[in-house]
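File shown: structure-v2.txt (compact mmCIF, C-alpha atoms).
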# COMPACT_ATOMS: atom_id res chain seq x y z
CA THR A 184 -1.55 17.17 68.75
CA ALA A 185 -3.67 19.61 70.77
CA GLU A 186 -0.54 21.60 71.69
CA MET A 187 0.39 22.03 68.03
CA LEU A 188 -3.12 23.09 67.07
CA ALA A 189 -3.04 25.70 69.84
CA ILE A 190 -0.04 27.61 68.47
CA ASP A 191 -0.40 31.19 67.26
CA LYS A 192 -2.03 31.13 63.81
CA ARG A 193 -0.93 34.64 62.80
CA PRO A 194 2.34 33.46 61.22
CA LEU A 195 0.35 30.94 59.18
CA MET A 196 -2.00 33.72 58.07
CA LEU A 197 1.01 35.77 56.96
CA ILE A 198 2.36 32.76 55.05
CA GLY A 199 -0.96 32.30 53.24
CA ALA A 200 -1.21 36.01 52.41
CA CYS A 201 2.35 36.12 51.01
CA GLU A 202 1.80 33.09 48.78
CA ALA A 203 -1.54 34.44 47.49
CA VAL A 204 -0.05 37.85 46.64
CA ALA A 205 2.96 36.18 44.97
CA GLN A 206 0.62 34.11 42.79
CA LEU A 207 -1.22 37.24 41.64
CA LEU A 208 1.92 39.28 40.92
CA PHE A 209 3.56 36.41 39.05
CA MET A 210 0.44 36.07 36.92
CA ILE A 211 0.68 39.76 36.01
CA GLY A 212 4.40 39.79 35.27
CA ALA A 213 4.96 36.38 33.67
CA SER A 214 2.17 36.86 31.12
CA HIS A 215 4.20 39.72 29.54
CA LEU A 216 7.64 38.10 29.57
CA PRO A 217 9.32 35.43 27.41
CA GLY A 218 9.35 32.03 29.06
CA ALA A 219 13.12 31.67 28.75
CA LEU A 220 13.63 34.68 31.02
CA LEU A 221 11.46 33.41 33.88
CA PRO A 222 13.95 30.79 35.22
CA VAL A 223 16.56 33.54 35.35
CA ILE A 224 14.29 35.90 37.28
CA ASN A 225 13.41 33.01 39.57
CA GLN A 226 16.97 33.14 40.92
CA THR A 227 16.12 36.38 42.75
CA TYR A 228 14.30 34.12 45.21
CA LEU A 229 17.73 33.30 46.70
CA VAL A 230 18.56 37.00 47.06
CA TRP A 231 15.27 37.69 48.85
CA ASN A 232 15.89 34.68 51.09
CA LEU A 233 19.28 36.01 52.13
CA LEU A 234 17.76 39.42 52.87
CA PHE A 235 14.86 38.15 54.97
CA ALA A 236 17.04 35.60 56.77
CA ALA A 237 19.33 38.46 57.82
CA LEU A 238 16.46 40.74 58.87
CA VAL A 239 14.08 38.25 60.48
CA LEU A 240 16.31 35.38 61.63
CA LYS A 241 19.45 37.50 62.22
CA THR A 242 21.50 35.10 60.10
CA LYS A 243 25.10 36.08 59.37
CA PHE A 244 26.47 35.37 55.88
CA ARG A 245 29.96 35.06 54.47
CA ARG A 246 31.25 37.51 51.90
CA SER A 247 31.28 34.78 49.28
CA GLN A 248 27.54 34.22 49.79
CA LEU A 249 26.80 37.93 49.45
CA LEU A 250 29.00 38.10 46.35
CA GLY A 251 27.03 35.24 44.83
CA ALA A 252 23.79 37.14 45.45
CA LEU A 253 25.23 40.23 43.70
CA ILE A 254 26.25 38.08 40.72
CA VAL A 255 22.69 36.75 40.51
CA MET A 256 21.29 40.30 40.47
CA ALA A 257 23.81 41.33 37.81
CA GLY A 258 22.73 38.39 35.67
CA ILE A 259 19.06 39.38 36.05
CA MET A 260 19.73 42.96 34.94
CA THR A 261 21.85 41.79 32.00
CA ALA A 262 19.19 39.32 30.84
CA ALA A 263 16.45 41.95 31.11
CA ALA A 264 18.43 44.70 29.37
CA PRO A 265 17.46 45.52 25.76
CA PRO A 266 20.06 44.55 23.10
CA ALA A 267 20.39 48.22 22.15
CA LEU A 268 21.59 49.05 25.65
CA LEU A 269 24.14 46.24 25.64
CA GLN A 270 25.67 47.69 22.46
CA LEU A 271 26.60 50.83 24.38
CA LEU A 272 28.60 48.94 27.01
CA PRO A 273 32.41 48.84 26.67
CA GLY A 274 34.53 45.70 26.68
CA GLY A 275 33.31 42.25 25.70
CA LEU A 276 29.65 43.21 25.42
CA GLY A 277 30.44 46.22 23.29
CA ALA A 278 32.73 44.20 21.02
CA GLY A 279 29.80 41.97 20.19
CA SER A 280 27.53 44.88 19.29
CA ALA A 281 27.26 43.80 15.65
CA ALA A 282 26.08 40.35 16.67
CA ALA A 283 23.66 41.89 19.18
CA ALA A 284 22.29 44.21 16.52
CA ALA A 285 21.81 41.30 14.12
CA ALA A 286 20.02 39.27 16.77
CA ALA A 287 17.88 42.19 18.01
CA PRO A 288 14.97 41.55 15.61
CA LEU A 289 14.81 37.95 16.85
CA THR A 290 14.98 38.89 20.55
CA PRO A 291 11.64 39.29 22.30
CA GLN A 292 11.08 42.76 23.70
CA VAL A 293 11.32 42.76 27.49
CA ASP A 294 9.46 45.41 29.46
CA PRO A 295 11.51 46.22 32.59
CA ARG A 296 8.29 47.00 34.48
CA TYR A 297 7.12 43.40 34.25
CA VAL A 298 10.59 42.14 35.13
CA ALA A 299 10.38 44.30 38.27
CA ILE A 300 6.95 42.88 39.09
CA CYS A 301 8.28 39.32 38.83
CA VAL A 302 11.34 40.20 40.92
CA VAL A 303 9.12 41.72 43.62
CA CYS A 304 6.71 38.79 43.50
CA PHE A 305 9.47 36.38 44.58
CA ALA A 306 9.96 38.45 47.74
CA PHE A 307 6.65 37.16 49.09
CA PRO A 308 7.36 33.39 48.95
CA ALA A 309 10.85 34.13 50.30
CA LEU A 310 9.28 35.94 53.25
CA ALA A 311 6.84 33.05 53.68
CA SER A 312 9.73 30.57 53.81
CA THR A 313 11.53 32.70 56.39
CA VAL A 314 8.39 32.88 58.54
CA LYS A 315 8.03 29.11 58.27
CA GLU A 316 11.58 28.59 59.51
CA ARG A 317 10.98 30.98 62.40
CA LEU A 318 7.74 29.16 63.19
CA PHE A 319 9.53 25.80 63.24
CA ARG A 320 12.21 27.21 65.55
CA SER A 321 9.78 28.82 68.01
CA ALA A 322 7.52 25.75 68.05
CA ARG A 323 10.48 23.48 68.85
CA GLU A 324 11.39 25.73 71.78
CA GLN A 325 7.78 25.97 72.95
CA LEU A 326 6.72 22.34 72.47
CA GLY A 327 10.06 20.61 72.93
CA ARG A 328 9.66 18.74 69.65
CA PRO A 329 9.40 19.54 65.91
CA LEU A 330 6.17 21.03 64.59
CA ASP A 331 4.26 18.69 62.29
CA ILE A 332 4.80 19.70 58.66
CA PHE A 333 1.32 18.54 57.65
CA MET A 334 -0.18 21.07 60.04
CA VAL A 335 1.90 23.89 58.60
CA ASN A 336 1.06 22.83 55.05
CA SER A 337 -2.67 22.45 55.79
CA PHE A 338 -3.17 25.73 57.62
CA GLY A 339 -0.90 27.60 55.21
CA SER A 340 -2.89 26.31 52.25
CA LEU A 341 -6.17 27.14 54.02
CA PHE A 342 -5.18 30.76 54.62
CA GLN A 343 -3.75 31.01 51.10
CA SER A 344 -7.13 29.90 49.72
CA LEU A 345 -8.90 32.56 51.77
CA PHE A 346 -6.62 35.32 50.50
CA VAL A 347 -6.94 34.03 46.93
CA LEU A 348 -10.70 34.46 47.29
CA LEU A 349 -10.19 38.01 48.55
CA LEU A 350 -8.03 38.76 45.52
CA LEU A 351 -10.44 37.03 43.15
CA PRO A 352 -11.96 40.26 41.69
CA THR A 353 -8.48 41.46 40.70
CA THR A 354 -7.59 38.05 39.25
CA LEU A 355 -10.80 37.95 37.22
CA SER A 356 -10.23 41.43 35.82
CA LEU A 357 -6.78 40.37 34.59
CA HIS A 358 -8.45 37.60 32.58
CA GLY A 359 -11.22 39.88 31.34
CA ILE A 360 -13.88 37.99 33.32
CA SER A 361 -16.62 39.79 35.22
CA VAL A 362 -17.81 38.59 38.60
CA SER A 363 -21.23 37.88 37.08
CA GLY A 364 -19.53 35.68 34.46
CA LEU A 365 -17.70 33.61 37.06
CA PRO A 366 -20.35 30.83 37.39
CA ALA A 367 -20.30 30.17 33.64
CA TYR A 368 -16.50 30.19 33.68
CA LEU A 369 -16.42 27.66 36.53
CA GLN A 370 -18.96 25.49 34.72
CA ARG A 371 -16.77 25.40 31.61
CA GLY A 372 -13.78 24.54 33.81
CA ALA A 373 -15.67 21.70 35.48
CA THR A 374 -16.68 20.36 32.07
CA CYS A 375 -13.07 20.49 30.90
CA LEU A 376 -11.90 18.76 34.09
CA GLN A 377 -14.09 15.81 33.18
CA GLY A 378 -12.27 15.53 29.86
CA LEU A 379 -15.18 16.93 27.88
CA SER A 380 -15.00 19.86 25.46
CA PRO A 381 -16.80 22.91 26.92
CA ALA A 382 -18.72 25.49 24.91
CA CYS A 383 -15.53 27.53 24.40
CA ALA A 384 -14.02 24.54 22.53
CA SER A 385 -10.92 24.46 24.72
CA ASP A 386 -8.55 21.52 24.40
CA CYS A 387 -9.08 19.35 27.50
CA THR A 388 -6.85 16.47 26.44
CA GLY A 389 -5.39 14.68 29.45
CA ALA A 390 -8.13 15.67 31.90
CA PRO A 391 -8.74 14.65 34.59
CA LEU A 392 -5.50 12.65 34.85
CA LEU A 393 -3.10 15.55 34.29
CA PRO A 394 -4.77 18.00 36.73
CA VAL A 395 -4.95 15.32 39.43
CA ALA A 396 -1.31 14.37 38.82
CA TYR A 397 -0.32 18.05 39.10
CA VAL A 398 -2.14 18.41 42.44
CA LEU A 399 -0.50 15.28 43.84
CA MET A 400 2.98 16.28 42.66
CA ASN A 401 2.51 19.81 44.03
CA LEU A 402 1.43 18.38 47.39
CA ALA A 403 4.44 16.06 47.50
CA PHE A 404 6.76 18.93 46.54
CA ASN A 405 5.38 21.21 49.27
CA ILE A 406 5.74 18.52 51.93
CA GLY A 407 9.28 17.73 50.78
CA MET A 408 10.26 21.42 50.84
CA LEU A 409 8.80 21.86 54.33
CA GLN A 410 10.70 18.80 55.56
CA LEU A 411 13.93 20.20 54.13
CA LEU A 412 13.22 23.69 55.45
CA ARG A 413 12.57 22.35 58.95
CA SER A 414 15.84 20.39 58.85
CA VAL A 415 18.38 22.76 57.27
CA GLY A 416 16.73 26.18 56.99
CA THR A 417 15.34 28.34 54.21
CA VAL A 418 18.60 29.51 52.59
CA THR A 419 20.06 26.00 52.24
CA THR A 420 16.70 24.73 50.97
CA THR A 421 16.68 27.44 48.28
CA ILE A 422 20.19 26.57 47.14

With the file now loaded, output its structure as structure tokens.
Amino acid sequence: TAEMLAIDKRPLMLIGACEAVAQLLFMIGASHLPGALLPVINQTYLVWNLLFAALVLKTKFRRSQLLGALIVMAGIMTAAAPPALLQLLPGGLGAGSAAAAAAAPLTPQVDPRYVAICVVCFAFPALASTVKERLFRSAREQLGRPLDIFMVNSFGSLFQSLFVLLLLPTTLSLHGISVSGLPAYLQRGATCLQGLSPACASDCTGAPLLPVAYVLMNLAFNIGMLQLLRSVGTVTTTI
């Protein structure tokens, strides 16, 4: 409606900026970490959600909820710790030092710097979710009815695209692509999207069906998450 379109767009700009920055930081951190560790680091999203809900929405949490967040952080630090460090710990972990030493050559080396980057990157989508919940609350009070989720999704995605373009030089440098080489890169991507093999001989099996299916599933997921967030809040949605 016209009333919904007239709401303050600054929260939506903040949402788009947070999601664009998170995408860039995750690209930096995840490319240097083993895939098995990423789902573990992803759990920090809940911790960031609790923090921002307390700061922005003034939500009060039970001790059991805070204890659960501390356990999550302890699990992250344990998973990211080198096997050599775990051998120095007393108790159960120290008792298994021989097994840890034997498994050390098979364990991928984890750089704590990239773990930290991934942990920080999840703060941005958590902040975006908190801003969305605050936006839904304020819009309900202002309009007297729920804010349309398609509007939030559309404007959020629009602003995210704009910030992704602003961060494009940094993203290209991470992939070793110059700005002048971007047109050729996009041309190869368009060729691959058609299911044809570009000049770089990349495997484009499944195109364009798989990319289109990904876009549709991502759209459905975002709408479902927004519906849930509007109904029960960001912390419950995360859980």

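Interatomic distance, CA of Arg328 (chain A) to CA of Asn232 (chain A): 25.2 Å.
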
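Remark: for Thr417 (chain A), the closest of the candidate residues A:Leu234, A:Leu392, A:Met334, A:Leu351 is A:Leu234 (distances computed over only C-alpha atoms).
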
Query raised in the report: Do you know which residues are at most 6 Å from Gly339 (chain A) counting only C-alpha atoms, after dropping those on the same chain fewer than 4 positions away, and could you put them as a ChimeraX atom specification?
Result: /A:195,199,335

Write a file of the just-selected residues containing C-alpha atoms, as a PDB file, in the frame of the given file.
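Generated output (out.pdb):
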ATOM      1  CA  LEU A 195       0.350  30.940  59.180  1.00  0.00           C
ATOM      2  CA  GLY A 199      -0.960  32.300  53.240  1.00  0.00           C
ATOM      3  CA  VAL A 335       1.900  23.890  58.600  1.00  0.00           C
TER       4      VAL A 335
END

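You will find CA of Thr421 (chain A) at 17.8 Å from CA of Gly258 (chain A).
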
Report summary line: Counting all atoms listed in the file, closest pick from A:Glu324, A:Asp191, A:Glu202, A:Glu186 relative to Cys304 (chain A) is A:Glu202

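Note that CA of Asn336 (chain A) and CA of Arg413 (chain A) are 12.2 Å apart.
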
Query - Protein/DNA/RNA residues near (1.3, 20.8, 64.9), cut 8 Å, only C-alpha atoms, as a count of residues only - result: 12

Requested in this report: May I have the residues within 9 Å of Lys315 (chain A) as a ChimeraX atom specification, using all atoms listed in the file and disregarding those fewer than 2 positions away in the same chain?
Outcome: /A:194-195,198,310-313,317-320,335,409,412-413,417

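Restricting the calculation to all atoms listed in the file, the smallest distance between Ala390 (chain A) and any of A:Gly407, A:Gly212, A:Gly372, A:Gly251 is found for A:Gly372.
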
Requested in this report: Could you give me, as a PyMOL selection string, the residues within 10 Å of Tyr368 (chain A), counting only C-alpha atoms and dropping anything in the same chain fewer than 6 positions from it?
Outcome: chain A and resi 360-362+374+381+383

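For the residues A:Leu350, A:Ala213, A:Ala403, A:Met408, ranking by smallest atom-to-atom distance to Arg296 (chain A) using all atoms listed in the file places A:Ala213 first.
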
**Report entry** Pro352 (chain A) environment, 12 Å, all atoms listed in the file, sequence neighbours closer than 5 positions dropped, as a ChimeraX atom specification
**Finding:** /A:207,346-347,357-365

Query raised in the report: Which of these, A:Leu220, A:Ile211, A:Cys375, A:Leu253, has the shortest distance to Tyr297 (chain A) once you count all atoms listed in the file?
Result: A:Ile211

Report task. Please provide as a count of residues only all residues within 10 Å of Ala203 (chain A), with the sequence filter that same-chain residues fewer than 5 positions apart are discarded (counting only C-alpha atoms). Result -> 15

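With distances restricted to only C-alpha atoms, A:Ala257 is the closest residue to Val223 (chain A) from A:Leu341, A:Ala309, A:Ala257, A:Cys201.
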